[in-house]
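Participant: Below is the file input-v8.cif, which contains mmCIF, C-alpha atoms.
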data_upload
loop_
_atom_site.label_atom_id
_atom_site.label_comp_id
_atom_site.auth_asym_id
_atom_site.auth_seq_id
_atom_site.Cartn_x
_atom_site.Cartn_y
_atom_site.Cartn_z
CA MET A 1 -134.22 125.34 -41.06
CA LYS A 2 -134.00 125.64 -44.83
CA SER A 3 -135.19 129.25 -44.68
CA LEU A 4 -132.58 129.98 -42.00
CA LYS A 5 -129.87 128.50 -44.20
CA LEU A 6 -131.11 130.62 -47.08
CA ILE A 7 -131.00 133.74 -44.96
CA LEU A 8 -127.47 132.93 -43.84
CA ILE A 9 -126.33 132.30 -47.42
CA ILE A 10 -127.85 135.54 -48.63
CA THR A 11 -126.26 137.45 -45.75
CA LEU A 12 -122.89 135.90 -46.53
CA ILE A 13 -123.15 136.76 -50.22
CA MET A 14 -124.20 140.34 -49.41
CA SER A 15 -121.30 140.82 -47.03
CA LEU A 16 -118.86 139.46 -49.63
CA VAL A 17 -120.26 141.86 -52.20
CA SER A 18 -120.34 144.90 -49.92
CA LEU A 19 -116.90 144.37 -48.36
CA PRO A 20 -114.94 145.13 -51.53
CA VAL A 21 -117.09 148.23 -52.03
CA PHE A 22 -116.33 149.39 -48.50
CA VAL A 23 -112.65 148.58 -48.85
CA TYR A 24 -112.59 150.25 -52.26
CA SER A 25 -114.08 153.49 -50.98
CA GLN A 26 -111.61 153.66 -48.11
CA THR A 27 -108.75 152.64 -50.41
CA GLY A 28 -110.03 155.37 -52.72
CA ALA A 29 -109.38 157.96 -50.01
CA VAL A 30 -105.79 156.79 -49.60
CA ALA A 31 -105.20 156.53 -53.35
CA GLN A 32 -106.66 160.00 -53.94
CA ALA A 33 -104.54 161.41 -51.13
CA LYS A 34 -101.38 160.00 -52.73
CA ILE A 35 -102.28 161.40 -56.13
CA ASP A 36 -103.03 164.83 -54.64
CA ALA A 37 -99.86 164.86 -52.54
CA ASN A 38 -97.79 164.07 -55.65
CA LYS A 39 -99.52 166.92 -57.43
CA HIS A 40 -99.21 169.55 -54.75
CA VAL A 41 -95.90 168.97 -52.99
CA SER A 42 -93.09 171.07 -54.44
CA LYS A 43 -90.31 168.63 -55.22
CA PHE A 44 -88.03 171.43 -56.45
CA LEU A 45 -88.45 173.33 -53.19
CA TRP A 46 -87.44 170.35 -51.06
CA PHE A 47 -84.58 169.44 -53.38
CA GLY A 48 -83.35 172.98 -52.87
CA ALA A 49 -83.81 172.70 -49.11
CA GLY A 50 -81.70 169.54 -49.07
CA CYS A 51 -79.07 171.17 -51.24
CA LEU A 52 -78.79 174.35 -49.20
CA PHE A 53 -79.39 173.11 -45.68
CA GLY A 54 -78.23 169.52 -45.86
CA LEU A 55 -79.45 167.30 -43.03
CA ILE A 56 -81.43 170.16 -41.51
CA GLY A 57 -83.39 170.38 -44.74
CA VAL A 58 -83.96 166.64 -44.68
CA GLY A 59 -85.12 166.81 -41.07
CA ALA A 60 -87.50 169.66 -41.86
CA ALA A 61 -88.96 167.66 -44.77
CA TYR A 62 -89.99 164.87 -42.41
CA LEU A 63 -91.24 167.21 -39.70
CA ILE A 64 -93.26 169.69 -41.75
CA ALA A 65 -96.36 167.96 -43.08
CA PRO A 66 -98.07 169.53 -46.11
CA ASN A 67 -101.69 170.68 -45.92
CA PRO A 68 -104.33 168.94 -47.99
CA PRO A 69 -106.59 171.25 -50.00
CA ALA A 70 -109.80 172.04 -48.13
CA SER A 71 -111.89 171.44 -51.27
CA ALA A 72 -110.83 167.77 -51.27
CA LEU A 73 -112.79 167.25 -48.03
CA LEU A 74 -116.00 168.75 -49.33
CA GLY A 75 -118.91 166.30 -49.26
CA LYS A 76 -116.83 163.46 -47.84
CA ASP A 77 -117.80 161.41 -44.82
CA ALA A 78 -115.84 161.53 -41.58
CA ASP A 79 -113.99 158.24 -42.13
CA TRP A 80 -112.91 159.36 -45.59
CA VAL A 81 -111.66 162.67 -44.20
CA THR A 82 -109.60 160.86 -41.54
CA LEU A 83 -108.03 158.45 -44.02
CA TYR A 84 -107.42 161.13 -46.63
CA THR A 85 -105.74 163.65 -44.32
CA ASP A 86 -103.52 161.02 -42.70
CA ALA A 87 -102.51 159.53 -46.05
CA TYR A 88 -101.93 162.95 -47.63
CA ARG A 89 -99.66 164.10 -44.86
CA SER A 90 -97.79 160.82 -44.74
CA GLU A 91 -97.25 160.71 -48.51
CA GLY A 92 -96.40 164.38 -48.56
CA LYS A 93 -93.67 163.92 -45.97
CA ARG A 94 -92.34 160.91 -47.86
CA ILE A 95 -92.03 162.92 -51.09
CA GLN A 96 -90.53 165.90 -49.30
CA GLY A 97 -88.01 163.70 -47.53
CA LYS A 98 -87.07 161.87 -50.72
CA TYR A 99 -86.28 165.05 -52.64
CA ALA A 100 -84.56 166.66 -49.68
CA ILE A 101 -82.27 163.62 -49.53
CA TYR A 102 -81.60 163.90 -53.27
CA GLY A 103 -80.68 167.54 -52.73
CA CYS A 104 -78.45 166.71 -49.80
CA LEU A 105 -76.66 163.95 -51.75
CA THR A 106 -76.23 166.22 -54.76
CA ASN A 107 -74.66 168.84 -52.54
CA ALA A 108 -72.36 166.25 -50.97
CA LEU A 109 -71.34 164.97 -54.40
CA VAL A 110 -70.51 168.48 -55.57
CA TYR A 111 -68.29 168.97 -52.53
CA ILE A 112 -66.54 165.64 -53.07
CA VAL A 113 -65.86 166.45 -56.70
CA TYR A 114 -64.63 169.89 -55.70
CA ALA A 115 -62.37 168.41 -53.02
CA VAL A 116 -60.94 165.87 -55.46
CA VAL A 117 -60.24 168.59 -58.01
CA VAL A 118 -58.56 170.80 -55.40
CA VAL A 119 -56.42 167.93 -54.10
CA ALA A 120 -55.50 166.87 -57.60
CA THR A 121 -54.57 170.43 -58.54
CA THR A 122 -52.55 170.90 -55.33
CA THR A 123 -50.76 167.58 -55.83
CA SER A 124 -49.81 168.39 -59.40
CA THR A 125 -48.59 171.86 -58.35
CA VAL A 126 -46.42 170.39 -55.56
CA SER A 127 -44.99 167.68 -57.82
CA SER A 128 -44.09 170.26 -60.47
CA TYR A 129 -41.74 171.89 -57.94
CA MET B 1 -123.68 236.52 -65.65
CA LYS B 2 -126.66 235.23 -67.62
CA LYS B 3 -124.50 232.48 -69.17
CA LYS B 4 -123.46 231.22 -65.72
CA LYS B 5 -127.08 230.97 -64.62
CA TYR B 6 -127.94 229.02 -67.78
CA PHE B 7 -125.28 226.34 -67.12
CA LEU B 8 -125.99 226.00 -63.41
CA PRO B 9 -128.82 223.41 -63.65
CA PHE B 10 -126.61 221.20 -65.85
CA ILE B 11 -123.77 221.41 -63.35
CA ILE B 12 -126.08 220.49 -60.48
CA LEU B 13 -127.59 217.66 -62.53
CA SER B 14 -124.18 216.19 -63.38
CA ILE B 15 -123.14 216.36 -59.71
CA LEU B 16 -126.31 214.55 -58.71
CA ILE B 17 -125.77 211.90 -61.39
CA ASN B 18 -122.18 211.33 -60.26
CA LEU B 19 -123.25 211.11 -56.64
CA ASN B 20 -125.81 208.50 -57.63
CA ILE B 21 -123.14 206.52 -59.45
CA LEU B 22 -120.84 206.72 -56.44
CA TYR B 23 -123.65 205.69 -54.12
CA SER B 24 -124.57 202.66 -56.23
CA TYR B 25 -120.93 201.54 -56.50
CA LYS B 26 -121.17 199.58 -53.31
CA GLY B 27 -118.92 196.54 -53.18
CA ILE B 28 -120.11 193.00 -52.53
CA ASN B 29 -119.78 192.35 -48.81
CA SER B 30 -121.73 189.13 -48.64
CA ILE B 31 -122.88 186.32 -50.92
CA ILE B 32 -125.35 183.56 -50.03
CA CYS B 33 -126.10 180.89 -52.61
CA ASN B 34 -126.84 177.25 -53.26
CA PHE B 35 -124.26 175.18 -55.08
CA LYS B 36 -124.10 171.87 -56.87
CA LYS B 37 -120.66 170.51 -57.71
CA GLU B 38 -120.22 167.69 -60.23
CA THR B 39 -116.82 166.03 -60.38
CA PHE B 40 -116.27 163.75 -63.36
CA LEU B 41 -114.24 160.77 -62.17
CA SER B 42 -114.58 159.11 -65.57
CA PRO B 43 -116.69 159.84 -68.68
CA LEU B 44 -119.52 157.79 -67.19
CA LYS B 45 -119.12 158.37 -63.48
CA LYS B 46 -119.56 161.60 -61.58
CA GLU B 47 -119.61 162.62 -57.97
CA ILE B 48 -122.18 165.19 -56.86
CA VAL B 49 -122.03 167.47 -53.84
CA LYS B 50 -124.80 169.95 -52.99
CA GLY B 51 -125.18 172.57 -50.33
CA ARG B 52 -125.32 176.24 -49.43
CA ILE B 53 -122.54 178.81 -49.09
CA TYR B 54 -122.47 181.79 -46.74
CA TYR B 55 -119.77 184.37 -47.31
CA SER B 56 -119.40 187.73 -45.58
CA SER B 57 -116.22 189.80 -45.64
CA SER B 58 -117.41 192.21 -42.94
CA ASP B 59 -118.42 189.42 -40.52
CA ASN B 60 -115.38 187.33 -41.53
CA ILE B 61 -117.56 184.34 -42.36
CA PHE B 62 -117.07 181.58 -44.87
CA THR B 63 -119.37 178.66 -44.11
CA ILE B 64 -120.46 175.81 -46.33
CA LEU B 65 -123.42 173.64 -45.34
CA VAL B 66 -123.31 170.45 -47.40
CA ASN B 67 -126.56 168.49 -47.55
CA TYR B 68 -125.72 165.87 -50.18
CA PRO B 69 -124.28 163.20 -50.13
CA VAL B 70 -123.59 163.80 -46.44
CA ASN B 71 -124.66 166.42 -43.94
CA GLN B 72 -121.44 168.29 -43.36
CA ASN B 73 -120.73 171.78 -42.03
CA LEU B 74 -117.43 173.42 -42.98
CA ILE B 75 -116.70 176.55 -41.00
CA PHE B 76 -113.62 178.55 -41.95
CA LYS B 77 -112.16 181.12 -39.58
CA GLY B 78 -108.75 182.32 -40.74
CA LYS B 79 -106.34 179.47 -40.15
CA ILE B 80 -108.89 177.16 -38.52
CA MET B 81 -111.33 174.92 -40.37
CA ASN B 82 -114.04 173.14 -38.39
CA ILE B 83 -115.76 170.20 -40.02
CA TYR B 84 -118.88 169.00 -38.25
CA TYR B 85 -121.16 166.07 -39.10
CA PRO B 86 -124.45 166.75 -37.25
CA ASP B 87 -125.91 163.30 -38.07
CA LYS B 88 -122.80 161.37 -37.08
CA LYS B 89 -121.97 163.59 -34.08
CA ARG B 90 -118.34 163.81 -35.21
CA ALA B 91 -116.13 166.79 -35.72
CA PHE B 92 -112.64 167.83 -36.80
CA ARG B 93 -110.78 171.01 -36.00
CA ILE B 94 -107.99 171.58 -38.45
CA LYS B 95 -105.41 174.23 -37.64
CA SER B 96 -103.17 175.34 -40.44
CA LYS B 97 -100.03 177.44 -40.34
CA VAL B 98 -101.19 179.31 -43.42
CA PRO B 99 -104.69 180.51 -44.38
CA PHE B 100 -106.77 177.94 -46.25
CA ILE B 101 -107.34 178.11 -49.96
CA LEU B 102 -111.11 178.24 -49.81
CA PRO B 103 -113.31 176.10 -52.02
CA PHE B 104 -115.40 177.92 -54.65
CA PHE B 105 -113.27 180.96 -54.46
CA GLU B 106 -112.91 181.11 -58.25
CA ALA B 107 -116.43 182.50 -58.62
CA PHE B 108 -116.08 184.93 -55.76
CA MET B 109 -112.66 186.20 -56.87
CA GLY B 110 -113.90 186.85 -60.36
CA VAL B 111 -116.64 189.05 -59.00
CA ILE B 112 -114.91 190.88 -56.20
CA GLU B 113 -111.44 191.40 -57.64
CA GLU B 114 -110.90 193.11 -60.97
CA ASP B 115 -107.76 191.08 -61.63
CA PHE B 116 -109.12 187.79 -60.24
CA GLY B 117 -106.90 188.31 -57.21
CA LEU B 118 -103.78 187.68 -59.31
CA GLY B 119 -102.03 190.86 -58.15
CA LYS B 120 -102.22 189.72 -54.55
CA LEU B 121 -100.97 186.26 -55.50
CA GLY B 122 -97.78 187.73 -56.97
CA TYR B 123 -98.63 188.04 -60.65
CA LYS B 124 -97.81 191.10 -62.74
CA PHE B 125 -99.79 192.40 -65.66
CA VAL B 126 -97.88 191.84 -68.93
CA THR B 127 -100.16 192.91 -71.73
CA GLY B 128 -103.75 193.18 -72.88
CA LYS B 129 -105.24 192.74 -76.31
CA LYS B 130 -108.53 192.58 -78.09
CA LYS B 131 -109.43 189.36 -79.83
CA LYS B 132 -112.74 189.42 -81.69
CA ASN B 133 -115.25 190.48 -79.02
CA LEU B 134 -113.03 189.49 -76.09
CA PHE B 135 -110.51 191.48 -74.14
CA LEU B 136 -107.60 189.30 -73.00
CA THR B 137 -105.15 190.19 -70.26
CA TYR B 138 -101.93 188.28 -69.73
CA TRP B 139 -100.34 187.87 -66.30
CA GLU B 140 -97.06 186.31 -65.30
CA LEU B 141 -95.63 185.29 -61.97
CA LYS B 142 -93.09 187.80 -60.72
CA PRO B 143 -89.52 186.46 -61.14
CA GLU B 144 -88.70 186.45 -57.43
CA ILE B 145 -91.82 184.39 -56.67
CA TYR B 146 -91.33 182.13 -59.71
CA LYS B 147 -87.91 181.07 -58.43
CA LYS B 148 -89.40 179.85 -55.16
CA LEU B 149 -92.80 178.53 -56.21
CA LYS B 150 -92.55 177.52 -59.86
CA ASN B 151 -93.65 173.97 -59.12
CA VAL B 152 -96.60 175.14 -57.06
CA MET B 153 -98.07 178.08 -58.95
CA PRO B 154 -98.75 178.41 -62.68
CA PHE B 155 -96.35 180.66 -64.56
CA LYS B 156 -98.96 182.48 -66.60
CA PHE B 157 -102.64 183.39 -66.44
CA ILE B 158 -104.85 184.63 -69.23
CA LEU B 159 -108.12 186.33 -68.32
CA GLY B 160 -110.78 186.71 -70.97
CA LYS B 161 -113.52 189.29 -70.57
CA ASP B 162 -116.52 190.04 -72.71
CA LYS B 163 -117.96 193.50 -72.03
CA GLY B 164 -116.73 193.43 -68.44
CA LYS B 165 -117.84 189.86 -67.80
CA LEU B 166 -115.05 187.46 -66.90
CA ILE B 167 -115.70 184.44 -69.08
CA PHE B 168 -112.54 182.39 -68.89
CA VAL B 169 -109.40 182.03 -66.81
CA GLU B 170 -106.58 179.95 -68.21
CA SER B 171 -103.36 179.00 -66.47
CA GLN B 172 -100.25 177.78 -68.27
CA ASP B 173 -96.73 176.66 -67.46
CA LYS B 174 -93.66 178.39 -68.84
CA ASN B 175 -93.81 176.35 -72.04
CA GLY B 176 -97.36 177.42 -72.74
CA ASN B 177 -98.88 174.05 -71.76
CA LEU B 178 -102.35 174.22 -70.29
CA ILE B 179 -102.59 173.60 -66.55
CA SER B 180 -106.21 174.54 -65.95
CA LYS B 181 -109.06 176.36 -67.58
CA LEU B 182 -112.10 177.91 -65.93
CA SER B 183 -115.08 178.75 -68.11
CA LEU B 184 -117.56 181.05 -66.43
CA LYS B 185 -121.09 181.12 -67.85
CA LYS B 186 -124.66 182.26 -67.33
CA HIS B 187 -123.74 185.41 -65.49
CA ILE B 188 -126.19 187.44 -63.47
CA LYS B 189 -125.62 191.13 -62.94
CA TYR B 190 -125.57 192.80 -59.58
CA LYS B 191 -124.87 196.51 -59.86
CA ILE B 192 -121.58 196.57 -61.81
CA PHE B 193 -120.65 192.98 -61.00
CA TYR B 194 -121.24 189.83 -63.02
CA PHE B 195 -121.55 186.61 -61.04
CA PRO B 196 -121.29 183.32 -62.97
CA ARG B 197 -123.97 180.75 -62.27
CA GLU B 198 -121.96 178.00 -63.91
CA ILE B 199 -118.24 177.35 -63.77
CA ILE B 200 -116.50 174.56 -65.67
CA ASN B 201 -113.08 173.75 -64.32
CA ILE B 202 -110.71 171.59 -66.35
CA LYS B 203 -107.32 170.61 -64.96
CA VAL B 204 -104.52 168.80 -66.75
CA PHE B 205 -101.85 166.98 -64.77
CA ARG B 206 -99.41 164.43 -66.20
CA GLY B 207 -101.61 163.75 -69.18
CA ARG B 208 -104.71 163.23 -67.04
CA THR B 209 -107.63 165.61 -67.39
CA THR B 210 -110.07 166.16 -64.56
CA LYS B 211 -113.25 168.14 -64.91
CA ASN B 212 -115.74 169.56 -62.49
CA ILE B 213 -118.73 171.79 -62.97
CA ILE B 214 -120.19 174.03 -60.30
CA TYR B 215 -123.71 175.43 -60.53
CA TYR B 216 -124.78 178.34 -58.35
CA SER B 217 -128.41 179.19 -57.72
CA ASN B 218 -130.67 181.18 -55.41
CA ILE B 219 -127.93 183.81 -55.17
CA LYS B 220 -128.31 186.74 -52.76
CA PHE B 221 -125.87 189.65 -52.61
CA ASN B 222 -125.29 191.81 -49.56
CA SER B 223 -128.00 190.00 -47.61
CA PRO B 224 -127.44 189.77 -43.88
CA ILE B 225 -126.04 186.46 -42.74
CA PRO B 226 -128.56 184.68 -40.47
CA ASP B 227 -127.63 184.61 -36.81
CA LYS B 228 -127.72 180.81 -36.73
CA ILE B 229 -124.93 180.80 -39.31
CA LYS B 230 -122.95 183.55 -37.60
CA ASN B 231 -123.10 181.60 -34.35
CA LEU B 232 -122.63 178.17 -35.92
CA LYS B 233 -120.07 176.12 -34.09
CA ILE B 234 -119.39 172.57 -33.00
CA PRO B 235 -121.59 171.71 -29.99
CA ASP B 236 -119.65 171.39 -26.75
CA ASN B 237 -120.73 167.80 -26.14
CA ILE B 238 -119.30 166.54 -29.45
CA PRO B 239 -115.78 165.05 -29.36
CA VAL B 240 -113.50 166.97 -31.69
CA LYS B 241 -110.50 165.47 -33.41
CA GLU B 242 -107.83 168.15 -33.54
CA VAL B 243 -105.48 168.08 -36.49
CA GLU B 244 -102.49 170.37 -36.84
CA TRP B 245 -101.51 171.06 -40.42
#
Go through the file and emit its structure as structure tokens.

Facilitator:
Amino acid sequence: MKSLKLILIITLIMSLVSLPVFVYSQTGAVAQAKIDANKHVSKFLWFGAGCLFGLIGVGAAYLIAPNPPASALLGKDADWVTLYTDAYRSEGKRIQGKYAIYGCLTNALVYIVYAVVVVATTTSTVSSY
Amino acid sequence: MKKKKYFLPFIILSILINLNILYSYKGINSIICNFKKETFLSPLKKEIVKGRIYYSSSDNIFTILVNYPVNQNLIFKGKIMNIYYPDKKRAFRIKSKVPFILPFFEAFMGVIEEDFGLGKLGYKFVTGKKKKNLFLTYWELKPEIYKKLKNVMPFKFILGKDKGKLIFVESQDKNGNLISKLSLKKHIKYKIFYFPREIINIKVFRGRTTKNIIYYSNIKFNSPIPDKIKNLKIPDNIPVKEVEW
């Protein structure tokens, strides 16, 4: 009975020790994917897309997922590859969408300012008559 | 008439020599080698990957068989990458809309392409100069490509050659800040080509420096690719996870 208890205690301790390692390695795939996506995704390009194409640019940003670099998958196990590619694409779309929205809002702001200036100019011209 | 007869053997000899030179200038069509890649995650911790690479331009083959730390086969065919784990009986088929940027291509590009492939990537030659025993060439991204891809591709490349051997490749942004540096060492000569057996790759991003070293060994040039590699594919009874990129 005592030996059984000992075995159970050891098993419990081992599982507690190994679980963080397992979680860490899988979390490592997600963390690495986010770092790589931040590095590779062209924020300027998607800002420009939002500026030029407005909501279409924003829509494209969320539809077109970026490709992870093939070298990142080299020597990694299958679970890591699954987590990494999913996280990379998800983070990539998030970054693309964010900057496309910034571009879209910047474009809208420019138009609003332009409209205000035009109206103000027109109003002052009319009132001068 | 006598003078013409006297010079004739020299003319024939020079033709033969030139023909020999032309004959021996045969490009590299295939490379087979072992690799060991060390990625330094921190000063004390490194990740090691080992395997064998099969490359053939004529057979359109780029296959990497990883044997450490996992058994993993990466098979590239244009815009499709198959990843197969023979021990785990799992596989992925990744379809991309654009061709993959292949791993290890730095070594292969340095050997096969005189300009490291920069011309094809949209870089133009700016200037070249001699510095001590090195010949440096400077390349910049063409303006029309820079406008579109300035956040994706480095603005400038500097190639350093020592007596025809490419020994470093440096990339910089527009302000001259280092983005990455490849140091190519321990070259072996194959005909007129120099293939590095060691490549140190240092990348700088947002103040963080990452380093990896790749060692190549047991290198064979223009050897036929084994049939088992040419015909390598994911077995039909293995479930394949398809991923569209």

Participant: For a quick check of understanding, using only C-alpha atoms, which of A:Gly97, A:Gly28, A:Gly54, A:Gly59 has the smallest distance to chain B?

Facilitator: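 Checking each candidate against chain B, we get A:Gly28 as the closest.
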
Participant: I'd like the residues picked by the PyMOL selection byres ((chain A) within 12 of (chain B)) written out as a PyMOL selection string, using the chain letters and numbers from the file.

Facilitator: chain A and resi 28+32+35-49+63-82+85-86+88-90+92-93

Participant: Which residues would end up in the selection if the PyMOL selection byres ((chain B and resi 126-132) around 12) were applied here, given that I need the answer as an MDAnalysis selection string?

Facilitator: chainID B and resid 119 123:125 133:142 156:163

Participant: Hey, what comes out of the PyMOL selection byres ((chain B and resi 223) around 8) on this file? Could you write it as a PyMOL selection string?

Facilitator: chain B and resi 30-32+220-222+224-225

Participant: Between CA of Leu44 (chain B) and CA of Asn218 (chain B), what is the distance, to one decimal in Å?

Facilitator: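 So the two atoms, CA of Leu44 (chain B) and CA of Asn218 (chain B), lie 28.5 Å apart.
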
Participant: Pick the closest to Ala61 (chain A) from A:Ala115, A:Leu109, A:Ala31, A:Ile101: which is it, counting only C-alpha atoms?

Facilitator: A:Ile101

Participant: Do you have the CA of Gly103 (chain A)-CA of Pro143 (chain B) distance handy?

Facilitator: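 Spanning CA of Gly103 (chain A) to CA of Pro143 (chain B) is a straight-line distance of 22.5 Å.
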
Participant: Take CA of Thr210 (chain B) and CA of Phe40 (chain B) and report the distance between them in Å, one decimal.

Facilitator: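 Calculated distance between CA of Thr210 (chain B) and CA of Phe40 (chain B) is 6.8 Å.
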
Participant: Just write region 43-95 of chain A with C-alpha atoms, as a compact mmCIF listing (two decimals), in the first residue's frame, taken from the block above.

Facilitator:
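Writing done, so here's part_21.txt:
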# COMPACT_ATOMS: atom_id res chain seq x y z
CA LYS A 43 2.10 47.13 -42.16
CA PHE A 44 2.78 49.90 -44.70
CA LEU A 45 1.29 47.82 -47.50
CA TRP A 46 -1.96 47.21 -45.63
CA PHE A 47 -2.16 50.80 -44.44
CA GLY A 48 -1.91 51.77 -48.09
CA ALA A 49 -4.56 49.23 -49.04
CA GLY A 50 -6.93 50.69 -46.46
CA CYS A 51 -6.18 54.20 -47.64
CA LEU A 52 -6.68 53.49 -51.32
CA PHE A 53 -9.42 50.90 -51.29
CA GLY A 54 -11.26 51.69 -48.08
CA LEU A 55 -13.51 48.91 -46.80
CA ILE A 56 -12.49 46.63 -49.66
CA GLY A 57 -8.91 46.90 -48.45
CA VAL A 58 -10.01 46.13 -44.91
CA GLY A 59 -11.99 43.12 -46.12
CA ALA A 60 -9.04 41.83 -48.12
CA ALA A 61 -6.80 42.17 -45.05
CA TYR A 62 -9.01 39.77 -43.11
CA LEU A 63 -9.47 37.37 -46.00
CA ILE A 64 -5.90 37.08 -47.28
CA ALA A 65 -3.82 35.18 -44.74
CA PRO A 66 -0.04 35.63 -44.90
CA ASN A 67 2.25 32.65 -45.46
CA PRO A 68 4.62 31.56 -42.72
CA PRO A 69 8.23 31.03 -43.83
CA ALA A 70 8.91 27.40 -44.69
CA SER A 71 12.19 27.46 -42.73
CA ALA A 72 10.25 28.04 -39.50
CA LEU A 73 8.73 24.55 -39.82
CA LEU A 74 12.04 22.78 -40.26
CA GLY A 75 12.70 20.20 -37.56
CA LYS A 76 9.44 20.87 -35.74
CA ASP A 77 6.97 18.19 -34.72
CA ALA A 78 3.51 17.94 -36.24
CA ASP A 79 1.68 19.54 -33.30
CA TRP A 80 4.07 22.48 -33.32
CA VAL A 81 3.56 22.95 -37.06
CA THR A 82 -0.24 22.97 -36.61
CA LEU A 83 -0.14 25.49 -33.77
CA TYR A 84 2.44 27.68 -35.46
CA THR A 85 0.72 27.92 -38.86
CA ASP A 86 -2.68 28.61 -37.32
CA ALA A 87 -1.31 31.25 -34.95
CA TYR A 88 0.81 32.87 -37.67
CA ARG A 89 -2.09 33.23 -40.04
CA SER A 90 -4.43 34.44 -37.34
CA GLU A 91 -1.96 37.03 -36.03
CA GLY A 92 -1.04 38.03 -39.55
CA LYS A 93 -4.66 38.73 -40.43
CA ARG A 94 -5.10 40.69 -37.20
CA ILE A 95 -2.13 42.93 -38.01
